[in-house]
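S.K.: Pasting in a structure now, in structure tokens, and then I'll have a few things to ask.
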Amino acid sequence: MAASRTPARGGAKPSKIRQVPWREPQPAPVVLVFGPEEVCAERAIAGVRDYLRAEDPALEVSDVRADDYAPGTLLSLTSPSLFGEPRLVRVSGVEKCLDAFLQEAVSYLDHPQEGATVILRHTGASVRGKKLLDALRAGTGDGIEIACPAIKRDGDRADFAAGEFKAAKKRIAPPALRALVSAFSDDLTELAAACQQLIGDVEGDVTEDVVTKYYGGRVEVSAFVVADTAISGRYGEALVSLRHALASGADPVPMVAAFAMKLRTMARVAGNREPSRQLAQRLGMKDWQVDRARRDLAGWNERSLGMAIQATARADAEVKGAARDPIFALERMVTVIATRQPFGEDA
């Protein structure tokens, strides 16, 4: 397979080694697992191990810390044993590696041991080990790179969760996926664990009711659940959800941010009749985000949407210090959005 080229990182030359998705890891004499997302890195490293072990159950697995390295360790662990079993050496902390490891690892690239696979884990947190990275990325086929970029945006988390179910050949309904991602929006490790629990426990498709049954406590306090309820016009339920969220420790600032995010998406989609996929590509969104925004817009018009956006902007300023009572500011915002009517002095 021809080598893939990726953009240079931090001034480095473009990579000439093959780029492999973290969900589809495969062995090579040297495997670079690069990037800050530990969940993806752990999956990739475990995938390489499982691949090798499936080929030969006698696989010898060794772990090395590059930041606490004894000279000669790498060559010793990769050298053929008496019975010639395959060897896997997992090296962590390459971004903090000692000079001894750096020198030996760079030399190893020129003469990798037959039957050995070396995994280099670099979080990208520093430029330490740059000489090794540059040498590996300039290779001609003895190495591969598995990128594990940070997953921070809601869309990226939704893609991650959807990928978990797709890999397991398990169906999850779009509302269930949104509820699950909202419930674990602040911790990818917990989101991954929740996906695996649903995949392992639930027979048949995963529905929104199933997600609520398993993670209802978390879903109920989600800012996005409060926003969804208010935007759909369920005023009383929205106030109850808001108070429950606040009682569970929700912060008013991200609460308002969740409303603002959904309303901005609605405003971008409103009045546009392009096919979802075409509009999503033009706006830099996902198909499901466009479809959801169009459903959310049912019963809204230009006036009510503008009023909701103004109410959210006001609440944003007030919860950040412009008013003494952020809770009242939230309740007023929810009232305007859920009833689509001015509130009190705003009337």
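Following the order of the structure tokens, chains are lettered A, B, ..., residues in each are numbered from 1, and ligands are numbered from 1.
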Compile the contact shell of region 176-183 of chain A as a ChimeraX atom specification: residues with an atom at most 8 Å away, counting only C-alpha atoms, same-chain residues fewer than 3 positions apart removed.
M.R.: /A:154,157-158,161-162,172-173,191,206-212,215,218-219,221-225
S.K.: Keeping only C-alpha atoms, write those residues as a PDB file, in the first residue's frame.
M.R.:
```
ATOM      1  CA  ASP A 154     -19.937  17.643  20.519  1.00  0.00           C
ATOM      2  CA  ARG A 157     -18.070  12.901  20.550  1.00  0.00           C
ATOM      3  CA  ALA A 158     -21.212  11.946  18.663  1.00  0.00           C
ATOM      4  CA  ALA A 161     -20.131   7.091  20.108  1.00  0.00           C
ATOM      5  CA  ALA A 162     -21.738   6.264  16.771  1.00  0.00           C
ATOM      6  CA  ILE A 172     -28.746   3.052  18.240  1.00  0.00           C
ATOM      7  CA  ALA A 173     -31.568   5.486  17.531  1.00  0.00           C
ATOM      8  CA  LEU A 191     -18.818   7.785  27.314  1.00  0.00           C
ATOM      9  CA  VAL A 206     -30.721   0.888  21.728  1.00  0.00           C
ATOM     10  CA  THR A 207     -33.561   3.402  22.117  1.00  0.00           C
ATOM     11  CA  GLU A 208     -33.860   6.674  24.002  1.00  0.00           C
ATOM     12  CA  ASP A 209     -35.901   4.894  26.695  1.00  0.00           C
ATOM     13  CA  VAL A 210     -33.054   2.425  27.176  1.00  0.00           C
ATOM     14  CA  VAL A 211     -30.521   5.235  27.596  1.00  0.00           C
ATOM     15  CA  THR A 212     -32.813   6.971  30.091  1.00  0.00           C
ATOM     16  CA  TYR A 215     -28.290   6.806  32.691  1.00  0.00           C
ATOM     17  CA  ARG A 218     -27.102  11.941  34.245  1.00  0.00           C
ATOM     18  CA  VAL A 219     -29.411  12.646  31.322  1.00  0.00           C
ATOM     19  CA  VAL A 221     -29.208  17.039  34.619  1.00  0.00           C
ATOM     20  CA  SER A 222     -27.813  17.575  31.146  1.00  0.00           C
ATOM     21  CA  ALA A 223     -27.986  21.173  29.918  1.00  0.00           C
ATOM     22  CA  PHE A 224     -28.940  19.929  26.468  1.00  0.00           C
ATOM     23  CA  VAL A 225     -31.910  18.009  27.844  1.00  0.00           C
TER      24      VAL A 225
END
```
S.K.: Among region 3-227 of chain A, which ones does DSSP place in strand (DSSP E), written as a ChimeraX atom specification?
M.R.: /A:18-19,30-34,60-65,87-92,116-122,143-147
S.K.: Please produce a file of those selected residues containing C-alpha atoms, as a compact mmCIF listing (two decimals), in the first residue's frame.
M.R.:
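File out_22.txt, as written:
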```
# COMPACT_ATOMS: atom_id res chain seq x y z
CA ARG A 18 1.24 4.81 6.33
CA GLN A 19 -1.51 6.38 8.40
CA VAL A 30 7.37 0.05 14.49
CA VAL A 31 3.97 1.55 15.31
CA LEU A 32 3.73 5.20 16.36
CA VAL A 33 0.57 5.96 18.35
CA PHE A 34 0.51 9.75 18.41
CA GLU A 60 5.60 -12.20 24.35
CA VAL A 61 4.43 -8.79 25.58
CA SER A 62 6.76 -6.37 27.37
CA ASP A 63 6.25 -2.83 28.65
CA VAL A 64 8.93 -0.15 28.74
CA ARG A 65 8.87 3.41 30.07
CA ARG A 87 7.57 -10.12 20.54
CA LEU A 88 5.53 -7.01 21.27
CA VAL A 89 7.21 -4.14 23.11
CA ARG A 90 4.93 -1.32 24.26
CA VAL A 91 6.82 1.89 25.01
CA SER A 92 5.03 4.63 26.96
CA ALA A 116 9.26 -7.93 16.82
CA THR A 117 6.67 -5.15 16.96
CA VAL A 118 7.52 -1.96 18.85
CA ILE A 119 4.72 0.45 19.76
CA LEU A 120 5.82 4.00 20.56
CA ARG A 121 3.22 5.99 22.53
CA HIS A 122 3.69 9.76 22.22
CA GLY A 143 6.57 1.90 10.30
CA ILE A 144 2.98 3.08 10.53
CA GLU A 145 1.36 5.94 12.44
CA ILE A 146 -1.94 5.83 14.30
CA ALA A 147 -3.27 9.31 15.03
```
S.K.: Could you tell me how far CA of Ala100 (chain A) lies from CA of Pro71 (chain A), in Å and to one decimal?
M.R.: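 These atoms are spaced 6.0 Å apart.
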S.K.: Determine, counting only C-alpha atoms, which protein, DNA and RNA residues have an atom within 12 Å of an atom of Met255 (chain A); residues of the same chain fewer than 3 positions away are not included. Present the result as a PyMOL selection string.
M.R.: chain A and resi 182+221-228+241-243+245-246+249-252+258-262+312+315-316+319-320+326-327+329-331+333-334
S.K.: Excluding Gly233 (chain A) and any residue of its chain fewer than 6 positions from it, enumerate the residues within 12 Å of it, using only C-alpha atoms, and give them as a list in words.
M.R.: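 Listing them by chain and then by number gives Val226, Ala227, Leu239, Asp296, Leu297, Ala298, Gly299, Trp300, Ser304, Ala308, Val334, Thr335, Val336, Ile337, Ala338, Thr339, Arg340 and Gln341 of chain A.
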S.K.: Restrict the selected residues to N, CA and C atoms and save them as a CSV table (one decimal), in the first residue's frame.
M.R.:
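Saved as selection_22.csv:
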```csv
chain,number,residue,atom,x,y,z
A,226,VAL,N,-32.4,20.0,29.1
A,226,VAL,CA,-33.2,21.2,29.5
A,226,VAL,C,-33.5,22.0,28.3
A,227,ALA,N,-32.5,22.3,27.5
A,227,ALA,CA,-32.7,23.1,26.2
A,227,ALA,C,-33.6,22.4,25.3
A,239,LEU,N,-39.0,23.7,33.3
A,239,LEU,CA,-38.6,24.3,34.6
A,239,LEU,C,-38.2,23.3,35.6
A,296,ASP,N,-36.5,20.8,15.5
A,296,ASP,CA,-36.6,21.8,16.6
A,296,ASP,C,-37.3,23.0,16.1
A,297,LEU,N,-37.3,23.4,14.9
A,297,LEU,CA,-37.9,24.6,14.3
A,297,LEU,C,-39.4,24.5,14.2
A,298,ALA,N,-39.9,23.3,14.4
A,298,ALA,CA,-41.4,23.2,14.3
A,298,ALA,C,-42.1,24.1,15.2
A,299,GLY,N,-43.0,25.0,14.7
A,299,GLY,CA,-43.7,25.9,15.6
A,299,GLY,C,-43.0,27.3,15.8
A,300,TRP,N,-41.8,27.4,15.3
A,300,TRP,CA,-41.0,28.6,15.5
A,300,TRP,C,-41.2,29.5,14.2
A,304,SER,N,-40.2,34.7,16.9
A,304,SER,CA,-40.0,34.0,18.2
A,304,SER,C,-38.5,33.5,18.3
A,308,ALA,N,-36.0,34.5,21.3
A,308,ALA,CA,-35.3,33.5,22.1
A,308,ALA,C,-33.8,33.8,22.1
A,334,VAL,N,-35.6,30.4,30.1
A,334,VAL,CA,-36.4,29.2,29.8
A,334,VAL,C,-37.9,29.5,29.6
A,335,THR,N,-38.4,30.5,30.3
A,335,THR,CA,-39.8,30.9,30.1
A,335,THR,C,-40.0,31.5,28.8
A,336,VAL,N,-39.1,32.4,28.4
A,336,VAL,CA,-39.3,33.0,27.0
A,336,VAL,C,-39.2,32.0,25.9
A,337,ILE,N,-38.2,31.1,26.1
A,337,ILE,CA,-38.0,30.1,25.0
A,337,ILE,C,-39.2,29.1,25.0
A,338,ALA,N,-39.6,28.6,26.1
A,338,ALA,CA,-40.6,27.5,26.2
A,338,ALA,C,-42.0,28.1,25.8
A,339,THR,N,-42.3,29.3,26.2
A,339,THR,CA,-43.6,29.9,25.8
A,339,THR,C,-43.6,30.7,24.6
A,340,ARG,N,-42.4,31.1,24.1
A,340,ARG,CA,-42.2,31.9,22.9
A,340,ARG,C,-42.9,33.2,23.0
A,341,GLN,N,-42.9,33.7,24.3
A,341,GLN,CA,-43.6,35.0,24.6
A,341,GLN,C,-42.6,35.8,25.4
```
S.K.: So that I can see what lies close to Asp110 (chain A), please list as a ChimeraX atom specification the residues with an atom at most 12 Å from it, counting only C-alpha atoms and leaving out residues fewer than 4 positions away in the same chain.
M.R.: /A:29-30,103-106,132,135-136,138-143
